[in-house]
file final-v3.txt (compact mmCIF, C-alpha atoms)
# COMPACT_ATOMS: atom_id res chain seq x y z
CA MET A 471 79.10 179.62 107.64
CA ALA A 472 82.22 180.21 105.58
CA ILE A 473 84.80 177.44 105.22
CA HIS A 474 88.16 178.30 106.72
CA GLU A 475 91.31 176.16 106.69
CA GLU A 476 91.40 176.24 110.50
CA THR A 477 87.84 174.87 110.62
CA LEU A 478 88.83 171.98 108.39
CA ARG A 479 91.90 171.27 110.52
CA GLN A 480 89.72 171.13 113.61
CA LEU A 481 87.32 168.74 111.91
CA ALA A 482 90.20 166.59 110.67
CA VAL A 483 91.47 165.97 114.20
CA PHE A 484 88.02 165.47 115.75
CA SER A 485 87.23 161.89 116.65
CA GLY A 486 84.19 160.68 118.56
CA GLN A 487 85.06 158.90 121.77
CA GLU A 488 81.69 157.49 122.88
CA HIS A 489 79.61 158.32 119.80
CA PRO A 490 80.16 158.30 116.02
CA VAL A 491 80.09 161.36 113.76
CA MET A 492 77.39 161.99 111.18
CA SER A 493 78.60 163.55 107.92
CA LEU A 494 75.83 164.75 105.61
CA TYR A 495 76.22 166.06 102.07
CA LEU A 496 72.71 166.99 100.94
CA ASN A 497 72.09 168.14 97.36
CA VAL A 498 69.40 170.83 97.75
CA THR A 499 69.40 172.04 94.13
CA PRO A 500 65.81 172.98 93.16
CA PRO A 501 63.52 171.26 92.37
CA ARG A 502 65.00 168.17 94.00
CA PRO A 503 62.85 166.56 96.75
CA PHE A 504 65.81 166.84 99.11
CA ALA A 505 63.78 166.37 102.31
CA SER A 506 62.57 163.00 100.98
CA GLU A 507 66.12 162.10 99.89
CA LEU A 508 67.36 162.89 103.39
CA ASN A 509 64.67 160.73 104.99
CA ALA A 510 65.52 157.85 102.65
CA ALA A 511 69.26 158.17 103.37
CA ILE A 512 68.59 158.18 107.13
CA HIS A 513 66.36 155.11 106.86
CA VAL A 514 68.94 153.16 104.85
CA THR A 515 71.75 154.17 107.23
CA LYS A 516 69.78 153.16 110.34
CA GLN A 517 68.90 149.79 108.81
CA ARG A 518 72.52 149.12 107.89
CA LEU A 519 73.79 150.04 111.34
CA LYS A 520 71.20 147.84 113.06
CA GLU A 521 71.68 144.86 110.74
CA ASN A 522 75.47 144.95 111.09
CA ASP A 523 75.26 145.50 114.86
CA LEU A 524 77.78 148.34 114.61
CA LEU A 525 76.49 150.48 117.49
CA THR A 526 75.23 150.01 121.01
CA LYS A 527 71.65 150.80 121.99
CA ASP A 528 72.75 154.06 123.62
CA GLN A 529 74.67 155.06 120.52
CA LEU A 530 71.72 154.24 118.27
CA ARG A 531 69.35 156.21 120.49
CA ALA A 532 71.65 159.26 120.46
CA LEU A 533 72.08 158.92 116.69
CA GLU A 534 68.32 158.81 116.11
CA GLU A 535 67.92 162.00 118.15
CA MET A 536 70.60 163.64 116.02
CA PHE A 537 68.90 162.47 112.81
CA ALA A 538 65.65 164.01 114.03
CA GLN A 539 67.46 167.27 114.72
CA VAL A 540 68.91 167.29 111.20
CA GLN A 541 65.50 166.54 109.65
CA HIS A 542 63.94 169.38 111.61
CA ARG A 543 66.78 171.68 110.53
CA VAL A 544 66.34 170.83 106.85
CA GLU A 545 62.53 170.86 106.76
CA GLY A 546 62.31 174.10 108.73
CA GLY A 547 65.03 175.95 106.85
CA VAL A 548 64.02 175.53 103.20
CA GLY A 549 63.63 179.27 102.70
CA ALA A 550 67.08 179.92 104.15
CA LEU A 551 68.62 177.54 101.59
CA GLU A 552 68.01 179.91 98.70
CA ARG A 553 71.06 180.10 96.37
CA THR A 554 72.48 177.02 98.15
CA ARG A 555 73.08 173.83 96.18
CA LEU A 556 74.88 171.73 98.79
CA LEU A 557 74.17 171.61 102.53
CA VAL A 558 76.99 170.01 104.51
CA ILE A 559 76.54 169.10 108.19
CA PHE A 560 78.98 167.40 110.54
CA ALA A 561 77.35 166.44 113.84
CA SER A 562 77.94 164.30 116.88
CA PRO A 563 76.35 164.06 120.33
CA GLU A 564 79.84 164.93 121.61
CA ARG A 565 79.38 168.67 121.12
CA LEU A 566 79.97 168.85 117.36
CA TRP A 567 77.78 170.74 114.90
CA GLN A 568 79.35 172.34 111.83
CA GLU A 569 77.17 173.48 108.95
CA PHE A 570 78.22 174.80 105.53
CA ARG A 571 76.11 176.06 102.63
CA LEU A 572 77.83 175.88 99.26
CA PRO A 573 76.78 177.11 95.80
CA VAL A 574 77.97 173.97 94.01
CA ALA A 575 76.28 170.56 94.11
CA LEU A 576 77.59 167.09 94.90
CA PRO A 577 75.63 163.82 95.13
CA THR A 578 73.70 163.36 98.40
CA LYS A 579 75.66 161.20 100.81
CA LEU A 580 75.20 160.28 104.49
CA VAL A 581 78.10 158.69 106.36
CA VAL A 582 78.28 157.59 110.01
CA GLU A 583 81.83 156.86 111.14
CA ARG A 584 84.18 157.55 114.01
CA ASP A 585 85.65 160.61 112.26
CA PRO A 586 84.12 163.31 110.03
CA TYR A 587 83.99 162.27 106.39
CA LEU A 588 85.88 165.18 104.79
CA ARG A 589 87.03 163.80 101.44
CA PRO A 590 84.23 165.31 99.28
CA LEU A 591 84.58 168.69 100.97
CA THR A 592 88.36 168.86 100.69
CA ALA A 593 88.21 167.70 97.06
CA LEU A 594 85.67 170.42 96.35
CA LEU A 595 87.83 173.08 97.98
CA GLU A 596 90.88 171.97 96.01
CA GLU A 597 88.97 172.06 92.73
CA PHE A 598 86.91 175.25 93.18
CA ARG A 599 88.51 178.48 92.04
CA ARG A 600 89.71 181.08 94.54
CA TYR A 601 89.48 184.76 93.62
CA CYS A 602 91.22 187.81 95.03
CA VAL A 603 89.26 191.06 94.76
CA LEU A 604 91.37 194.23 94.81
CA LEU A 605 89.46 197.51 95.18
CA ALA A 606 91.44 200.75 94.90
CA ASP A 607 91.31 204.42 94.05
CA ALA A 608 94.06 207.06 94.07
CA ARG A 609 94.23 207.16 97.88
CA LYS A 610 92.61 204.04 99.37
CA ALA A 611 92.46 200.29 98.81
CA ARG A 612 90.77 197.15 100.17
CA LEU A 613 91.61 193.49 99.62
CA PHE A 614 89.16 190.56 99.67
CA SER A 615 89.07 186.84 98.99
CA LEU A 616 86.08 185.34 97.15
CA HIS A 617 85.56 181.59 97.38
CA LEU A 618 82.50 179.36 97.08
CA GLY A 619 80.24 182.39 97.04
CA ASP A 620 81.65 183.88 100.27
CA ILE A 621 83.60 187.13 100.38
CA GLU A 622 86.04 187.88 103.20
CA GLU A 623 87.98 191.07 103.76
CA HIS A 624 91.74 191.03 104.44
CA LEU A 625 93.84 193.91 105.77
CA GLY A 626 90.81 196.23 105.78
CA LEU A 627 90.70 199.75 104.32
CA PHE A 628 94.21 201.19 104.09
CA THR A 629 94.88 204.81 103.10
CA ASP A 630 98.13 206.38 101.96
CA ASP A 631 99.10 210.04 102.42
CA VAL A 632 98.20 211.28 98.95
CA PRO A 633 97.53 215.06 98.81
CA SER A 634 94.14 216.24 97.58
CA LYS A 635 93.96 218.24 94.40
CA VAL A 636 94.24 221.99 94.93
CA LYS A 637 91.70 224.53 93.69
CA SER A 638 92.59 226.54 90.60
CA GLY A 639 93.16 230.30 90.71
CA GLY A 640 95.77 232.61 92.21
CA TRP A 641 99.07 231.11 93.23
CA ALA A 642 97.73 227.59 92.78
CA ALA A 643 97.07 228.26 89.12
CA LEU A 644 100.68 229.34 88.59
CA GLN A 645 101.97 226.16 90.21
CA GLN A 646 99.35 223.77 88.81
CA LYS A 647 101.66 221.60 86.74
CA ARG A 648 104.21 221.21 89.52
CA ILE A 649 101.53 220.40 92.08
CA GLN A 650 99.85 217.88 89.78
CA ARG A 651 103.19 216.11 89.22
CA HIS A 652 103.65 216.04 92.99
CA ILE A 653 100.21 214.51 93.48
CA GLN A 654 100.78 212.00 90.69
CA ASP A 655 104.05 210.88 92.29
CA HIS A 656 102.16 210.19 95.52
CA VAL A 657 99.48 208.30 93.58
CA HIS A 658 102.09 206.11 91.89
CA ARG A 659 103.77 205.35 95.22
CA HIS A 660 100.36 204.47 96.69
CA LEU A 661 99.47 202.14 93.80
CA LYS A 662 102.92 200.56 93.94
CA GLN A 663 102.39 199.81 97.62
CA VAL A 664 98.94 198.39 96.88
CA ALA A 665 100.44 196.13 94.21
CA GLU A 666 103.17 194.96 96.62
CA ARG A 667 100.63 194.12 99.31
CA THR A 668 98.51 192.24 96.79
CA PHE A 669 101.51 190.22 95.60
CA GLN A 670 102.39 189.38 99.19
CA PHE A 671 98.81 188.23 99.74
CA PHE A 672 99.10 186.07 96.60
CA LYS A 673 102.27 184.42 97.91
CA GLU A 674 100.57 183.68 101.23
CA LYS A 675 97.15 182.50 99.98
CA ARG A 676 97.81 181.40 96.37
CA PHE A 677 94.51 182.53 94.88
CA ASP A 678 93.73 181.48 91.31
CA PHE A 679 92.40 184.68 89.74
CA LEU A 680 92.26 188.41 90.37
CA ILE A 681 89.31 190.81 90.00
CA LEU A 682 89.98 194.56 90.01
CA GLY A 683 87.55 197.22 91.21
CA GLY A 684 87.72 201.00 91.35
CA PRO A 685 86.09 204.29 90.34
CA GLN A 686 85.49 205.28 86.74
CA ASP A 687 88.74 207.17 86.34
CA LYS A 688 92.35 206.39 85.40
CA THR A 689 93.13 204.44 88.58
CA LEU A 690 92.67 200.89 87.27
CA PRO A 691 94.87 201.31 84.16
CA GLN A 692 97.59 202.84 86.36
CA LEU A 693 97.20 200.08 88.95
CA TYR A 694 97.52 197.40 86.26
CA GLY A 695 100.96 198.72 85.32
CA HIS A 696 102.22 198.34 88.90
CA LEU A 697 101.03 194.74 89.35
CA HIS A 698 103.48 191.85 89.17
CA SER A 699 103.30 189.90 85.92
CA TYR A 700 102.01 186.87 87.86
CA LEU A 701 99.03 188.96 88.98
CA GLN A 702 98.46 190.54 85.57
CA ALA A 703 98.13 187.06 84.07
CA ARG A 704 95.41 186.22 86.62
CA ILE A 705 93.13 189.21 85.99
CA ILE A 706 89.74 188.05 84.70
CA GLY A 707 87.73 191.28 84.83
CA GLU A 708 86.96 194.64 86.42
CA PHE A 709 84.03 196.46 88.01
CA HIS A 710 83.41 200.05 89.07
CA ALA A 711 82.90 200.92 92.74
CA GLU A 712 84.28 203.20 95.43
CA PRO A 713 86.51 201.67 98.14
CA GLU A 714 84.05 202.75 100.85
CA SER A 715 81.18 200.80 99.24
CA ASP A 716 79.19 198.38 101.39
CA LEU A 717 80.33 194.76 101.41
CA PRO A 718 77.07 193.32 99.92
CA LEU A 719 77.40 195.63 96.90
CA LEU A 720 81.06 194.70 96.40
CA LYS A 721 80.22 191.00 96.70
CA GLU A 722 77.44 191.35 94.11
CA LYS A 723 79.70 193.13 91.63
CA ALA A 724 82.64 190.76 92.14
CA LEU A 725 80.42 187.68 91.82
CA ALA A 726 78.98 189.07 88.59
CA VAL A 727 82.50 189.35 87.15
CA ALA A 728 83.44 185.84 88.34
CA GLN A 729 80.23 184.25 87.06
CA ARG A 730 80.53 185.97 83.66
CA TRP A 731 84.09 184.70 83.32
CA GLU A 732 83.09 181.19 84.44
CA ARG A 733 80.30 181.07 81.84
CA GLU A 734 82.84 182.11 79.19
CA GLU A 735 85.23 179.39 80.40
CA GLU A 736 82.41 176.84 80.26
CA THR A 737 81.65 177.85 76.67
CA ARG A 738 85.32 177.40 75.76
CA LEU A 739 85.32 173.98 77.48
CA ILE A 740 82.24 172.87 75.53
CA ASP A 741 83.83 174.04 72.29
CA ARG A 742 86.89 171.91 73.13
CA LEU A 743 84.64 168.94 73.84
CA LEU A 744 82.76 169.34 70.58
CA ASP A 745 86.03 169.53 68.64
CA ALA A 746 87.51 166.56 70.52
CA SER A 747 84.45 164.41 69.82
CA GLY A 748 84.96 164.91 66.09
CA THR A 749 87.77 163.49 63.99
CA ALA A 750 90.28 163.54 66.89
CA ARG A 751 88.08 161.02 68.78
CA LYS A 752 89.34 162.26 72.16
CA GLY A 753 85.89 163.16 73.38
CA VAL A 754 82.41 161.65 73.64
CA LEU A 755 78.93 163.15 73.81
CA GLY A 756 75.73 161.73 75.23
CA LEU A 757 74.81 159.40 78.06
CA GLU A 758 75.67 155.98 76.61
CA PRO A 759 79.09 156.90 75.11
CA THR A 760 80.04 158.68 78.33
CA LEU A 761 78.99 155.66 80.43
CA GLU A 762 81.12 153.40 78.23
CA ALA A 763 84.14 155.70 78.55
CA LEU A 764 83.65 155.79 82.32
CA LEU A 765 83.46 151.98 82.45
CA LEU A 766 86.79 151.78 80.59
CA GLY A 767 88.48 154.37 82.82
CA GLN A 768 89.02 156.72 79.88
CA VAL A 769 87.43 159.88 81.29
CA HIS A 770 89.78 162.79 81.90
CA THR A 771 87.09 165.47 82.35
CA LEU A 772 83.41 164.73 82.86
CA VAL A 773 81.27 167.61 81.55
CA VAL A 774 77.68 167.77 82.82
CA ARG A 775 74.94 170.30 82.19
CA HIS A 776 73.90 171.49 85.64
CA ASP A 777 70.27 170.37 85.32
CA PHE A 778 70.83 167.14 83.35
CA GLN A 779 69.29 164.04 84.91
CA ALA A 780 68.69 160.47 83.79
CA GLN A 781 67.43 157.29 85.39
CA GLY A 782 69.55 154.16 85.33
CA LEU A 783 70.76 151.03 87.08
CA LEU A 784 73.51 150.42 89.63
CA CYS A 785 75.30 147.43 91.12
CA PRO A 786 75.71 148.23 94.85
CA ASP A 787 78.73 145.91 95.12
CA ASP A 788 80.84 146.95 92.12
CA HIS A 789 79.25 150.33 91.36
CA SER A 790 78.71 149.26 87.75
CA LEU A 791 76.39 151.67 85.96
CA SER A 792 74.02 151.13 83.05
CA THR A 793 70.85 152.37 81.43
CA TYR A 794 69.65 148.89 80.39
CA ALA A 795 71.69 145.96 81.88
CA ARG A 796 69.63 143.98 84.39
CA HIS A 797 72.63 142.15 85.85
CA CYS A 798 76.08 143.44 86.76
CA PRO A 799 78.65 142.61 84.05
CA VAL A 800 81.29 142.14 86.78
CA CYS A 801 79.66 140.03 89.50
CA GLY A 802 76.33 139.02 87.93
CA ARG A 803 74.24 140.51 90.76
CA ALA A 804 70.89 142.06 89.89
CA MET A 805 71.21 145.77 89.21
CA GLU A 806 69.20 148.21 91.32
CA PRO A 807 67.36 151.25 89.90
CA VAL A 808 68.67 154.75 90.70
CA ALA A 809 66.63 157.90 90.17
CA ASP A 810 69.58 160.07 89.18
CA LEU A 811 72.23 158.19 87.25
CA VAL A 812 74.29 161.38 86.79
CA ASP A 813 74.98 161.58 90.52
CA GLU A 814 76.43 158.06 90.37
CA MET A 815 78.50 158.94 87.29
CA VAL A 816 79.96 161.96 89.06
CA GLU A 817 80.84 159.80 92.06
CA GLU A 818 82.49 157.16 89.84
CA ALA A 819 84.44 159.78 87.88
CA THR A 820 85.65 161.34 91.13
CA ALA A 821 86.79 157.95 92.38
CA GLN A 822 88.77 157.49 89.15
CA GLY A 823 90.53 160.83 89.64
CA ALA A 824 88.75 162.56 86.75
CA GLU A 825 87.91 166.26 86.74
CA ILE A 826 84.25 167.22 87.05
CA GLU A 827 82.83 170.28 85.30
CA HIS A 828 79.22 171.30 85.94
CA VAL A 829 78.30 173.81 83.25
CA PHE A 830 75.60 176.47 83.49
CA ALA A 831 76.31 178.23 80.20
CA HIS A 832 73.70 177.62 77.50
CA HIS A 833 75.25 176.00 74.46
CA PRO A 834 72.76 174.75 71.84
CA GLU A 835 75.03 172.03 70.44
CA PHE A 836 75.75 170.59 73.88
CA SER A 837 72.32 171.03 75.50
CA SER A 838 70.81 168.25 73.42
CA HIS A 839 73.41 165.82 74.85
CA GLY A 840 73.50 167.06 78.45
CA ILE A 841 76.68 165.13 79.26
CA GLY A 842 80.01 164.25 77.68
CA ALA A 843 83.67 163.72 78.45
CA LEU A 844 87.16 164.63 77.35
CA LEU A 845 89.16 161.40 77.21
CA ARG A 846 92.61 160.41 78.40
CA PHE A 847 93.41 158.87 75.03
CA ALA A 848 91.76 158.58 71.63
CA ILE A 849 89.20 155.85 71.08

call {"tool": "encode", "arguments": {"input": "final-v3.txt", "output": "structure tokens"}}
result
Amino acid sequence: MAIHEETLRQLAVFSGQEHPVMSLYLNVTPPRPFASELNAAIHVTKQRLKENDLLTKDQLRALEEMFAQVQHRVEGGVGALERTRLLVIFASPERLWQEFRLPVALPTKLVVERDPYLRPLTALLEEFRRYCVLLADARKARLFSLHLGDIEEHLGLFTDDVPSKVKSGGWAALQQKRIQRHIQDHVHRHLKQVAERTFQFFKEKRFDFLILGGPQDKTLPQLYGHLHSYLQARIIGEFHAEPESDLPLLKEKALAVAQRWEREEETRLIDRLLDASGTARKGVLGLEPTLEALLLGQVHTLVVRHDFQAQGLLCPDDHSLSTYARHCPVCGRAMEPVADLVDEMVEEATAQGAEIEHVFAHHPEFSSHGIGALLRFAI
């Protein structure tokens, strides 16, 4: 289901009275063995709850039933998870089940507490770009929001009273220029109203970027001239479609524009990182230099190739990370192996307030490194 602000508000005020809430963030990016990861997370969570005597027998029994329901849901719905990278489920025996499927991945995490664990989801929503899609021709317009792969229509199809073009010949031919000016005046008033409604929508929703759509005629250039300068600065691309087009087609075209622009932005980010890692020394490339920068709290932006993985070691007490240290440099405890060190690095960078950028664009100079970081200050 789509994520709405009202849904988040309802989750934020929900608190289990007799039973705790399970919050699951499951990374289902292929080819991850996410069903096995879920089973392992459930096993570890159950052991911790039993060892610490945190729940009653009735609460544990209800929780185990809920875990079984989640496992059945995940194992039986693999096909339905296509194009999904993160499955988020909030569940409680007290009549709570909220499920979200998102096209961006986070590390797998299972939390059992009195309230829903919303921090990763709210951080993701704050960071992920919001698009407005404006579709218009000379008489009609539609307005959409596009966020986390979901498209939602606002206001619906609205039509202004723009006269149709008249046929040539006879009296019409004699008055053609006057009639065309009359029609064009109506078109301009229509596009001005469309621009005003779009600006009002921007003030209410504060989207990040604007995508324009329309037929292959002069409408889009004319519409651009009516848009507020704030909106003009947010335009990232255009596509051709009629306002009456089906929603799946519009979503496909708008997503193509957004994804193309995002790949271009990722390429520009990688170019910045490559420049910064040179003589300016405000960037690092590769696993070990990035780990060191993370350990020193230097990371401003962590840049990760979407499919980059590496094994490593973790201290469960201090969250120290390494590729070789057998004992924690902070507390001396034996380090534990982790299958995906990058997940832990993303979690640590998030905790330090750093920005996270997962890049899908192919960049030969960066692909050999797989990971890097823009730094807060030169090294």

call {"tool": "closest_atom_pairs", "arguments": {"input": "final-v3.txt", "of": "segment 683-775 of chain A", "to": "segment 812-817 of chain A", "cutoff": "12 Å", "atoms": "only C-alpha atoms", "output": "JSON lines"}}
result
{"residue": "A:Gly756", "atom": "CA", "partner": "A:Val812", "partner_atom": "CA", "distance": 11.7}
{"residue": "A:Leu757", "atom": "CA", "partner": "A:Val812", "partner_atom": "CA", "distance": 9.0}
{"residue": "A:Glu758", "atom": "CA", "partner": "A:Met815", "partner_atom": "CA", "distance": 11.4}
{"residue": "A:Thr760", "atom": "CA", "partner": "A:Met815", "partner_atom": "CA", "distance": 9.1}
{"residue": "A:Leu761", "atom": "CA", "partner": "A:Met815", "partner_atom": "CA", "distance": 7.6}
{"residue": "A:Glu762", "atom": "CA", "partner": "A:Met815", "partner_atom": "CA", "distance": 10.9}
{"residue": "A:Ala763", "atom": "CA", "partner": "A:Met815", "partner_atom": "CA", "distance": 10.9}
{"residue": "A:Leu764", "atom": "CA", "partner": "A:Met815", "partner_atom": "CA", "distance": 7.8}
{"residue": "A:Leu765", "atom": "CA", "partner": "A:Met815", "partner_atom": "CA", "distance": 9.8}
{"residue": "A:Gly767", "atom": "CA", "partner": "A:Met815", "partner_atom": "CA", "distance": 11.9}
{"residue": "A:Val769", "atom": "CA", "partner": "A:Met815", "partner_atom": "CA", "distance": 10.8}
{"residue": "A:Thr771", "atom": "CA", "partner": "A:Val816", "partner_atom": "CA", "distance": 10.4}
{"residue": "A:Leu772", "atom": "CA", "partner": "A:Val816", "partner_atom": "CA", "distance": 7.6}
{"residue": "A:Val773", "atom": "CA", "partner": "A:Val816", "partner_atom": "CA", "distance": 9.5}
{"residue": "A:Val774", "atom": "CA", "partner": "A:Val812", "partner_atom": "CA", "distance": 8.3}
{"residue": "A:Arg775", "atom": "CA", "partner": "A:Val812", "partner_atom": "CA", "distance": 10.1}

call {"tool": "residues_around", "arguments": {"input": "final-v3.txt", "residues": "Gln729 of chain A", "least_positions_apart": "2", "cutoff": "12 Å", "atoms": "only C-alpha atoms", "output": "ChimeraX atom specification"}}
result
/A:573,599,601,616-619,681,706-707,721-727,731-736,829-831

call {"tool": "write_last_selection", "arguments": {"input": "final-v3.txt", "atoms": "C-alpha atoms", "output": "mmCIF file, in the coordinates of the input"}}
result
data_model
loop_
_atom_site.group_PDB
_atom_site.id
_atom_site.type_symbol
_atom_site.label_atom_id
_atom_site.label_comp_id
_atom_site.auth_asym_id
_atom_site.auth_seq_id
_atom_site.Cartn_x
_atom_site.Cartn_y
_atom_site.Cartn_z
ATOM 1 C CA PRO A 573 76.780 177.110 95.800
ATOM 2 C CA ARG A 599 88.510 178.480 92.040
ATOM 3 C CA TYR A 601 89.480 184.760 93.620
ATOM 4 C CA LEU A 616 86.080 185.340 97.150
ATOM 5 C CA HIS A 617 85.560 181.590 97.380
ATOM 6 C CA LEU A 618 82.500 179.360 97.080
ATOM 7 C CA GLY A 619 80.240 182.390 97.040
ATOM 8 C CA ILE A 681 89.310 190.810 90.000
ATOM 9 C CA ILE A 706 89.740 188.050 84.700
ATOM 10 C CA GLY A 707 87.730 191.280 84.830
ATOM 11 C CA LYS A 721 80.220 191.000 96.700
ATOM 12 C CA GLU A 722 77.440 191.350 94.110
ATOM 13 C CA LYS A 723 79.700 193.130 91.630
ATOM 14 C CA ALA A 724 82.640 190.760 92.140
ATOM 15 C CA LEU A 725 80.420 187.680 91.820
ATOM 16 C CA ALA A 726 78.980 189.070 88.590
ATOM 17 C CA VAL A 727 82.500 189.350 87.150
ATOM 18 C CA TRP A 731 84.090 184.700 83.320
ATOM 19 C CA GLU A 732 83.090 181.190 84.440
ATOM 20 C CA ARG A 733 80.300 181.070 81.840
ATOM 21 C CA GLU A 734 82.840 182.110 79.190
ATOM 22 C CA GLU A 735 85.230 179.390 80.400
ATOM 23 C CA GLU A 736 82.410 176.840 80.260
ATOM 24 C CA VAL A 829 78.300 173.810 83.250
ATOM 25 C CA PHE A 830 75.600 176.470 83.490
ATOM 26 C CA ALA A 831 76.310 178.230 80.200
#

call {"tool": "residues_around", "arguments": {"input": "final-v3.txt", "residues": "segment 695-700 of chain A", "least_positions_apart": "5", "cutoff": "9 Å", "atoms": "all atoms listed in the file", "output": "PyMOL selection string"}}
result
chain A and resi 658+661-666+668-669+690

call {"tool": "atom_distance", "arguments": {"input": "final-v3.txt", "atom1": "atom CA of Leu533 of chain A", "atom2": "atom CA of Val491 of chain A"}}
result
8.9 Å

call {"tool": "closest_residue", "arguments": {"input": "final-v3.txt", "among": "A:Thr477, A:Thr526, A:Gln568, A:Ser506", "to": "Met492 of chain A", "atoms": "all atoms listed in the file"}}
result
A:Gln568

call {"tool": "atom_distance", "arguments": {"input": "final-v3.txt", "atom1": "atom CA of Glu806 of chain A", "atom2": "atom CA of Cys785 of chain A"}}
result
6.2 Å

call {"tool": "closest_residue", "arguments": {"input": "final-v3.txt", "among": "A:Gln779, A:Val582, A:Asp716, A:Ile841", "to": "Gly753 of chain A", "atoms": "only C-alpha atoms"}}
result
A:Ile841

call {"tool": "atom_distance", "arguments": {"input": "final-v3.txt", "atom1": "atom CA of Ser562 of chain A", "atom2": "atom CA of Leu530 of chain A"}}
result
11.9 Å

call {"tool": "closest_residue", "arguments": {"input": "final-v3.txt", "among": "A:Arg730, A:Ser493, A:Pro691, A:Arg502", "to": "Ala809 of chain A", "atoms": "all atoms listed in the file"}}
result
A:Arg502

call {"tool": "closest_residue", "arguments": {"input": "final-v3.txt", "among": "A:Ala532, A:Ile826, A:Leu478, A:Val544", "to": "Glu507 of chain A", "atoms": "all atoms listed in the file"}}
result
A:Val544

call {"tool": "residues_around", "arguments": {"input": "final-v3.txt", "residues": "Leu572 of chain A", "least_positions_apart": "5", "cutoff": "7 Å", "atoms": "only C-alpha atoms", "output": "VMD selection string"}}
result
chain A and resid 554 to 557 618

call {"tool": "write_last_selection", "arguments": {"input": "final-v3.txt", "atoms": "C-alpha atoms", "output": "CSV table (one decimal), in the coordinates of the input"}}
result
chain,number,residue,atom,x,y,z
A,554,THR,CA,72.5,177.0,98.2
A,555,ARG,CA,73.1,173.8,96.2
A,556,LEU,CA,74.9,171.7,98.8
A,557,LEU,CA,74.2,171.6,102.5
A,618,LEU,CA,82.5,179.4,97.1

call {"tool": "decode", "arguments": {"input": "final-v3.txt", "residues": "segment 698-702 of chain A", "atoms": "all heavy atoms", "output": "mmCIF file, in the first residue's frame"}}
result
data_model
loop_
_atom_site.group_PDB
_atom_site.id
_atom_site.type_symbol
_atom_site.label_atom_id
_atom_site.label_comp_id
_atom_site.auth_asym_id
_atom_site.auth_seq_id
_atom_site.Cartn_x
_atom_site.Cartn_y
_atom_site.Cartn_z
ATOM 1 N N HIS A 698 5.290 29.504 -12.251
ATOM 2 C CA HIS A 698 6.068 30.327 -11.329
ATOM 3 C C HIS A 698 7.542 29.938 -11.431
ATOM 4 O O HIS A 698 7.884 28.786 -11.708
ATOM 5 C CB HIS A 698 5.548 30.114 -9.896
ATOM 6 C CG HIS A 698 6.048 31.113 -8.909
ATOM 7 N ND1 HIS A 698 7.333 31.083 -8.407
ATOM 8 C CD2 HIS A 698 5.439 32.181 -8.330
ATOM 9 C CE1 HIS A 698 7.485 32.074 -7.539
ATOM 10 N NE2 HIS A 698 6.359 32.766 -7.487
ATOM 11 N N SER A 699 8.411 30.894 -11.190
ATOM 12 C CA SER A 699 9.852 30.630 -11.307
ATOM 13 C C SER A 699 10.296 29.507 -10.368
ATOM 14 O O SER A 699 11.224 28.758 -10.686
ATOM 15 C CB SER A 699 10.649 31.903 -11.017
ATOM 16 O OG SER A 699 10.365 32.392 -9.715
ATOM 17 N N TYR A 700 9.642 29.390 -9.193
ATOM 18 C CA TYR A 700 9.974 28.297 -8.281
ATOM 19 C C TYR A 700 9.732 26.948 -8.949
ATOM 20 O O TYR A 700 10.492 25.993 -8.755
ATOM 21 C CB TYR A 700 9.123 28.374 -7.012
ATOM 22 C CG TYR A 700 9.478 29.501 -6.079
ATOM 23 C CD1 TYR A 700 8.718 29.749 -4.938
ATOM 24 C CD2 TYR A 700 10.573 30.337 -6.312
ATOM 25 C CE1 TYR A 700 9.020 30.788 -4.071
ATOM 26 C CE2 TYR A 700 10.889 31.373 -5.460
ATOM 27 C CZ TYR A 700 10.108 31.592 -4.337
ATOM 28 O OH TYR A 700 10.412 32.619 -3.481
ATOM 29 N N LEU A 701 8.643 26.856 -9.723
ATOM 30 C CA LEU A 701 8.303 25.608 -10.400
ATOM 31 C C LEU A 701 9.208 25.380 -11.605
ATOM 32 O O LEU A 701 9.631 24.244 -11.865
ATOM 33 C CB LEU A 701 6.838 25.624 -10.840
ATOM 34 C CG LEU A 701 5.800 25.756 -9.723
ATOM 35 C CD1 LEU A 701 4.400 25.724 -10.308
ATOM 36 C CD2 LEU A 701 5.980 24.647 -8.696
ATOM 37 N N GLN A 702 9.509 26.429 -12.342
ATOM 38 C CA GLN A 702 10.406 26.287 -13.487
ATOM 39 C C GLN A 702 11.757 25.710 -13.065
ATOM 40 O O GLN A 702 12.343 24.885 -13.768
ATOM 41 C CB GLN A 702 10.605 27.641 -14.169
ATOM 42 C CG GLN A 702 9.362 28.182 -14.865
ATOM 43 C CD GLN A 702 9.595 29.551 -15.480
ATOM 44 O OE1 GLN A 702 10.672 30.132 -15.354
ATOM 45 N NE2 GLN A 702 8.580 30.084 -16.148
#
